[in-house]
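Just below is one structure, and these are the notes that go with it.
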Amino acid sequence: THPIRPDVITFNAVIDACGKGFQWRLALDLLSSMPQGSTSPNILTFNCAITACERPGLWDLALRVLQDAKESGLRPRTDTYNAVISACAKVQEIAVVFNLLSEMQGLKVQIDVVTCNTVISASAEGRHWQWALQMMDDMRWH
């Protein structure tokens, strides 16, 4: 018999479960322990790890995982950015939120209604009503 080895789907499921259980350290440890090759992390793996950081508002770690995904040669998706933006918004890192939004635009990553609503909500919480209004105007014309 051959030993059964976890594949990327297994890692994704376990990292996601750790995140849902607020075990962000364990989720990040699992991500960093993934061997290269057939079980290399994919963008979903990084998304699960980012979400594990997003839930408790660990924006700096979420940003680091985003950077790691890009350095691994993966292209972050809308949901990848949305999770990082949400983590930043939770702790009122408004400048970082807008930097990420600008990065999405520069990389031609689709900005969706979740992105816009998160940015509007963060702007309102931070009493930046002008930015919230600008985002709504941008939504109307795109």
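Chains: A, B, ... in order of the structure tokens. Residues: from 1 per chain. Ligands: from 1, in order shown.
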Contacts of stretch 40-135 of chain A with stretch 3-11 of chain A up to 8 Å, shortest pair per row, only C-alpha atoms, as a tab-separated table:
residue	atom	partner	partner_atom	distance
A:Ser40	CA	A:Val8	CA	6.7
A:Pro41	CA	A:Val8	CA	6.3
A:Asn42	CA	A:Val8	CA	7.5
A:Thr45	CA	A:Phe11	CA	7.3
Take the residues from that selection and write them out as a tab-separated table (two decimals), in the first residue's frame, keeping C-alpha atoms.
chain	number	residue	atom	x	y	z
A	40	SER	CA	2.06	23.82	-4.19
A	41	PRO	CA	-0.43	26.38	-2.92
A	42	ASN	CA	-2.82	27.82	-5.47
A	45	THR	CA	-4.98	28.33	-0.70
Checklist line | Spatial neighbours of stretch 90-96 of chain A, 7 Å, only C-alpha atoms, chain gap at least 4 places, as a PyMOL selection string | finding: chain A and resi 57+86+100+122+126
Write a file of the selected residues as an mmCIF file, in the first residue's frame, keeping N, CA, C and O atoms.
data_model
loop_
_atom_site.group_PDB
_atom_site.id
_atom_site.type_symbol
_atom_site.label_atom_id
_atom_site.label_comp_id
_atom_site.auth_asym_id
_atom_site.auth_seq_id
_atom_site.Cartn_x
_atom_site.Cartn_y
_atom_site.Cartn_z
ATOM 1 N N GLY A 57 -9.222 40.608 11.917
ATOM 2 C CA GLY A 57 -8.737 41.950 11.584
ATOM 3 C C GLY A 57 -7.224 42.076 11.549
ATOM 4 O O GLY A 57 -6.687 43.159 11.757
ATOM 5 N N SER A 86 -11.214 43.910 3.334
ATOM 6 C CA SER A 86 -12.077 43.760 4.497
ATOM 7 C C SER A 86 -11.270 43.762 5.796
ATOM 8 O O SER A 86 -11.668 44.397 6.785
ATOM 9 N N LEU A 100 -4.963 49.398 -2.052
ATOM 10 C CA LEU A 100 -5.357 48.106 -2.627
ATOM 11 C C LEU A 100 -6.344 48.291 -3.773
ATOM 12 O O LEU A 100 -6.251 47.616 -4.803
ATOM 13 N N ALA A 122 -16.045 51.216 5.000
ATOM 14 C CA ALA A 122 -14.821 51.654 5.694
ATOM 15 C C ALA A 122 -14.712 53.173 5.677
ATOM 16 O O ALA A 122 -14.326 53.788 6.673
ATOM 17 N N GLY A 126 -14.830 55.638 9.002
ATOM 18 C CA GLY A 126 -13.724 56.558 9.241
ATOM 19 C C GLY A 126 -14.090 58.017 9.034
ATOM 20 O O GLY A 126 -13.235 58.876 8.994
#
Next item on the list: Based on DSSP run over this structure's backbone, return all residues of chain A in helix (DSSP H, G or I), as a PyMOL selection string.
Entry: chain A and resi 8-20+24-33+43-54+59-71+78-90+94-106+113-125+129-140
